[in-house]
Amino acid sequence: MEFRYAAIPAVAGGLMLTLLLWWAGASADALDLDGATGALGIETANALRSWLFPWAYDPQAGASVAVTADGASYLALHDTAMQIRFVAVFLFYAAGAVLLVRRLPAERGRVWQALLALWAWGVVAGTLAVTVSAPWLIASGGRGSYRFLPQFAALSSTGRTVLVPLALAAAAWTVFVTRLASKNAEPQPRRDVPARAAVVAASAGTAVVAVSVVVLSYQANAARIQTMFTGGGFLSEPGDLLRQWLLFGAWNGPSGVGLWDWLLVRFGDVLLLAAVWCALRWLPGMLTRASVPAMAAGTVCAVVLGLLVRHLWLVATGGRTSAWHLLQAASGLGEGTSAAVLWGTLAGVTATVVLRVAGRRTEAPVPSASAGAASDG
């Protein structure tokens with residue numbers, strides 16, 4: 001698909017996601033009305049506050065905005081942070097959507113794949129926007145030099161729960177606009193990828209993701225990563241930040257629970273890796289061109305979707321169906337997205353390199369035995 005046709009749905013989807021997040025943040029004020037807590041319940045109201053307040057434009061009661069003689073300046077910093085957050089959501093989503101719409105057009109046979117990829121990319125765009133705007137929010141609290149990295153890690157991990165349903169709505173809108181924009185366009189060709197090369201590339205990319213899922217996320221290794229840096233300097237406490245960007249979780253051997261229960265939980269990691277492998281296996285054939293940026297973005301989306309599948313599995317096997325448990329389970333949506341950006345990019349680049357190398361070996365002509373005999377004669 002040409003760039004001009006791909007830009008229309010990408011911009012439309014970016015505007016939709018930005019407006020939905022702005023509306024969600026503006027709706028947070030309703031939780032402070034009289035009777036809201038009584039109607040919803042304390043737990044539900046508090047959970048909704050934690051989901052919506054990261055997208056609320058105005059600082060809420062108890063927010064970390066400095067109250068000093070320079071309070072107006074700190075409020076201006078908070079406003080700047082939110083402006084950066086919403087602009088960044090639009091820019092990140094539009095940039096990624098242009099790439100995905102061009103390389104994975106929402107045409108017959110690719111609609112569901114495009115919808116899932118754009119859904120995951122919406123979650124990624126919101127996560128990156130929150131991360132980019134976090135320094136301004138820290139500065140608006142008047143104590144940006146105190147434990148900057150732990151503050152940065154805490155703020156950049158907020159606002160993800162509400163992203164999941166809103167990103168799905170924005171992805172559906174993007175696909176709809178894409179179908180309208182490419183109504184009279186010719187179907188995009190699919191690449192003929194050798195099966196063996198695709199399997200090898202998918203295995204290599206999945207192995208990269210497995211480094212975090214299996215090796216780094218083991219509780220002993222995760223603890224070493226998080227406690228590796230200590231001290232009181234400005235950049236001496238990146239443990240929380242490293243954990244957020246390097247680990248998909250933390251687990252250890254079966255202790256305190258039965259082996260079967262432990263295996264049920266670990267099966268969620270198997271589902272995550274299986275989702276990544278299947279996506280990498282079929283992604284080169286679905287793309288109009290298996291370029292490095294397209295494979296990297298597609299793999300990031302695959303890892304995010306794998307995390308959602310793992311989360312749903314853990315909720316289904318939790319054994320509790322109370323309203324409070326489901327509320328807690330919903331609060332975990334979007335966890336691990338930061339690590340998905342890093343490891344998904346590395347896995348996508350690795351899979352692309354392996355795919356090209358394996359593809360060249362597959363396409364290289366092999367001299368036949370008869371040709372060798374003729375040359376000897």
# chains A, B, ... in the order shown; residues from 1 in each chain; ligands from 1
$ residues_around --residues "Leu355 in chain A" --least-positions-apart "5" --cutoff "8 Å" --atoms "only C-alpha atoms" --output "list in words"
Ala197, Ala198, Val200 and Ala201 of chain A
$ closest_residue --among "A:Leu91, A:Leu307, A:Ala6, A:Leu163" --to "Leu104 in chain A" --atoms "only C-alpha atoms"
A:Ala6
$ atom_distance --atom1 "CA of Ser156 in chain A" --atom2 "CA of Gly239 in chain A"
14.0 Å
$ decode --residues "range 190-202 of chain A" --atoms "all heavy atoms" --output "PDB file, in the first residue's frame"
ATOM      1  N   ARG A 190       1.691 -11.614  -1.512  1.00  0.00           N
ATOM      2  CA  ARG A 190       2.319 -12.224  -0.339  1.00  0.00           C
ATOM      3  C   ARG A 190       3.648 -12.843  -0.747  1.00  0.00           C
ATOM      4  O   ARG A 190       3.811 -13.316  -1.868  1.00  0.00           O
ATOM      5  CB  ARG A 190       1.420 -13.305   0.271  1.00  0.00           C
ATOM      6  CG  ARG A 190       0.054 -12.794   0.682  1.00  0.00           C
ATOM      7  CD  ARG A 190      -0.645 -13.796   1.564  1.00  0.00           C
ATOM      8  NE  ARG A 190      -1.994 -13.360   1.917  1.00  0.00           N
ATOM      9  CZ  ARG A 190      -2.734 -13.920   2.847  1.00  0.00           C
ATOM     10  NH1 ARG A 190      -2.258 -14.969   3.530  1.00  0.00           N
ATOM     11  NH2 ARG A 190      -3.935 -13.476   3.125  1.00  0.00           N
ATOM     12  N   ARG A 191       4.584 -12.810   0.186  1.00  0.00           N
ATOM     13  CA  ARG A 191       5.910 -13.341  -0.091  1.00  0.00           C
ATOM     14  C   ARG A 191       5.900 -14.862   0.020  1.00  0.00           C
ATOM     15  O   ARG A 191       5.212 -15.430   0.873  1.00  0.00           O
ATOM     16  CB  ARG A 191       6.945 -12.757   0.872  1.00  0.00           C
ATOM     17  CG  ARG A 191       7.095 -11.265   0.769  1.00  0.00           C
ATOM     18  CD  ARG A 191       8.173 -10.757   1.696  1.00  0.00           C
ATOM     19  NE  ARG A 191       9.502 -11.160   1.243  1.00  0.00           N
ATOM     20  CZ  ARG A 191      10.253 -12.058   1.852  1.00  0.00           C
ATOM     21  NH1 ARG A 191       9.812 -12.675   2.928  1.00  0.00           N
ATOM     22  NH2 ARG A 191      11.462 -12.349   1.392  1.00  0.00           N
ATOM     23  N   ASP A 192       6.674 -15.471  -0.829  1.00  0.00           N
ATOM     24  CA  ASP A 192       6.847 -16.921  -0.777  1.00  0.00           C
ATOM     25  C   ASP A 192       8.080 -17.210   0.077  1.00  0.00           C
ATOM     26  O   ASP A 192       9.216 -17.058  -0.370  1.00  0.00           O
ATOM     27  CB  ASP A 192       7.017 -17.478  -2.193  1.00  0.00           C
ATOM     28  CG  ASP A 192       7.048 -18.999  -2.191  1.00  0.00           C
ATOM     29  OD1 ASP A 192       6.680 -19.595  -1.155  1.00  0.00           O
ATOM     30  OD2 ASP A 192       7.455 -19.584  -3.214  1.00  0.00           O
ATOM     31  N   VAL A 193       7.851 -17.582   1.316  1.00  0.00           N
ATOM     32  CA  VAL A 193       8.936 -17.813   2.268  1.00  0.00           C
ATOM     33  C   VAL A 193       9.182 -19.311   2.394  1.00  0.00           C
ATOM     34  O   VAL A 193       8.231 -20.074   2.638  1.00  0.00           O
ATOM     35  CB  VAL A 193       8.588 -17.218   3.648  1.00  0.00           C
ATOM     36  CG1 VAL A 193       9.733 -17.425   4.626  1.00  0.00           C
ATOM     37  CG2 VAL A 193       8.258 -15.738   3.521  1.00  0.00           C
ATOM     38  N   PRO A 194      10.412 -19.768   2.223  1.00  0.00           N
ATOM     39  CA  PRO A 194      10.704 -21.199   2.430  1.00  0.00           C
ATOM     40  C   PRO A 194      10.314 -21.638   3.834  1.00  0.00           C
ATOM     41  O   PRO A 194      10.602 -20.944   4.818  1.00  0.00           O
ATOM     42  CB  PRO A 194      12.216 -21.284   2.202  1.00  0.00           C
ATOM     43  CG  PRO A 194      12.555 -20.083   1.375  1.00  0.00           C
ATOM     44  CD  PRO A 194      11.604 -19.017   1.788  1.00  0.00           C
ATOM     45  N   ALA A 195       9.658 -22.779   3.914  1.00  0.00           N
ATOM     46  CA  ALA A 195       9.133 -23.239   5.203  1.00  0.00           C
ATOM     47  C   ALA A 195      10.259 -23.471   6.213  1.00  0.00           C
ATOM     48  O   ALA A 195      10.140 -23.089   7.381  1.00  0.00           O
ATOM     49  CB  ALA A 195       8.325 -24.522   5.007  1.00  0.00           C
ATOM     50  N   ARG A 196      11.342 -24.077   5.752  1.00  0.00           N
ATOM     51  CA  ARG A 196      12.426 -24.365   6.691  1.00  0.00           C
ATOM     52  C   ARG A 196      13.066 -23.088   7.214  1.00  0.00           C
ATOM     53  O   ARG A 196      13.362 -22.971   8.404  1.00  0.00           O
ATOM     54  CB  ARG A 196      13.479 -25.244   6.015  1.00  0.00           C
ATOM     55  CG  ARG A 196      14.611 -25.644   6.932  1.00  0.00           C
ATOM     56  CD  ARG A 196      15.565 -26.631   6.263  1.00  0.00           C
ATOM     57  NE  ARG A 196      16.627 -27.034   7.155  1.00  0.00           N
ATOM     58  CZ  ARG A 196      17.598 -27.876   6.837  1.00  0.00           C
ATOM     59  NH1 ARG A 196      17.599 -28.432   5.624  1.00  0.00           N
ATOM     60  NH2 ARG A 196      18.527 -28.202   7.708  1.00  0.00           N
ATOM     61  N   ALA A 197      13.259 -22.108   6.321  1.00  0.00           N
ATOM     62  CA  ALA A 197      13.847 -20.837   6.750  1.00  0.00           C
ATOM     63  C   ALA A 197      12.924 -20.128   7.743  1.00  0.00           C
ATOM     64  O   ALA A 197      13.389 -19.547   8.730  1.00  0.00           O
ATOM     65  CB  ALA A 197      14.106 -19.942   5.536  1.00  0.00           C
ATOM     66  N   ALA A 198      11.608 -20.175   7.512  1.00  0.00           N
ATOM     67  CA  ALA A 198      10.661 -19.538   8.424  1.00  0.00           C
ATOM     68  C   ALA A 198      10.673 -20.198   9.797  1.00  0.00           C
ATOM     69  O   ALA A 198      10.597 -19.520  10.832  1.00  0.00           O
ATOM     70  CB  ALA A 198       9.258 -19.576   7.824  1.00  0.00           C
ATOM     71  N   VAL A 199      10.774 -21.520   9.825  1.00  0.00           N
ATOM     72  CA  VAL A 199      10.810 -22.236  11.108  1.00  0.00           C
ATOM     73  C   VAL A 199      12.079 -21.896  11.890  1.00  0.00           C
ATOM     74  O   VAL A 199      12.048 -21.651  13.100  1.00  0.00           O
ATOM     75  CB  VAL A 199      10.697 -23.756  10.863  1.00  0.00           C
ATOM     76  CG1 VAL A 199      10.994 -24.527  12.144  1.00  0.00           C
ATOM     77  CG2 VAL A 199       9.320 -24.108  10.346  1.00  0.00           C
ATOM     78  N   VAL A 200      13.210 -21.881  11.193  1.00  0.00           N
ATOM     79  CA  VAL A 200      14.478 -21.548  11.864  1.00  0.00           C
ATOM     80  C   VAL A 200      14.451 -20.122  12.393  1.00  0.00           C
ATOM     81  O   VAL A 200      14.869 -19.839  13.531  1.00  0.00           O
ATOM     82  CB  VAL A 200      15.662 -21.761  10.898  1.00  0.00           C
ATOM     83  CG1 VAL A 200      16.965 -21.283  11.535  1.00  0.00           C
ATOM     84  CG2 VAL A 200      15.776 -23.226  10.518  1.00  0.00           C
ATOM     85  N   ALA A 201      13.944 -19.183  11.584  1.00  0.00           N
ATOM     86  CA  ALA A 201      13.879 -17.788  12.017  1.00  0.00           C
ATOM     87  C   ALA A 201      12.937 -17.630  13.203  1.00  0.00           C
ATOM     88  O   ALA A 201      13.240 -16.895  14.158  1.00  0.00           O
ATOM     89  CB  ALA A 201      13.427 -16.908  10.858  1.00  0.00           C
ATOM     90  N   ALA A 202      11.787 -18.296  13.168  1.00  0.00           N
ATOM     91  CA  ALA A 202      10.843 -18.217  14.286  1.00  0.00           C
ATOM     92  C   ALA A 202      11.447 -18.789  15.564  1.00  0.00           C
ATOM     93  O   ALA A 202      11.259 -18.237  16.659  1.00  0.00           O
ATOM     94  CB  ALA A 202       9.555 -18.949  13.931  1.00  0.00           C
TER      95      ALA A 202
END
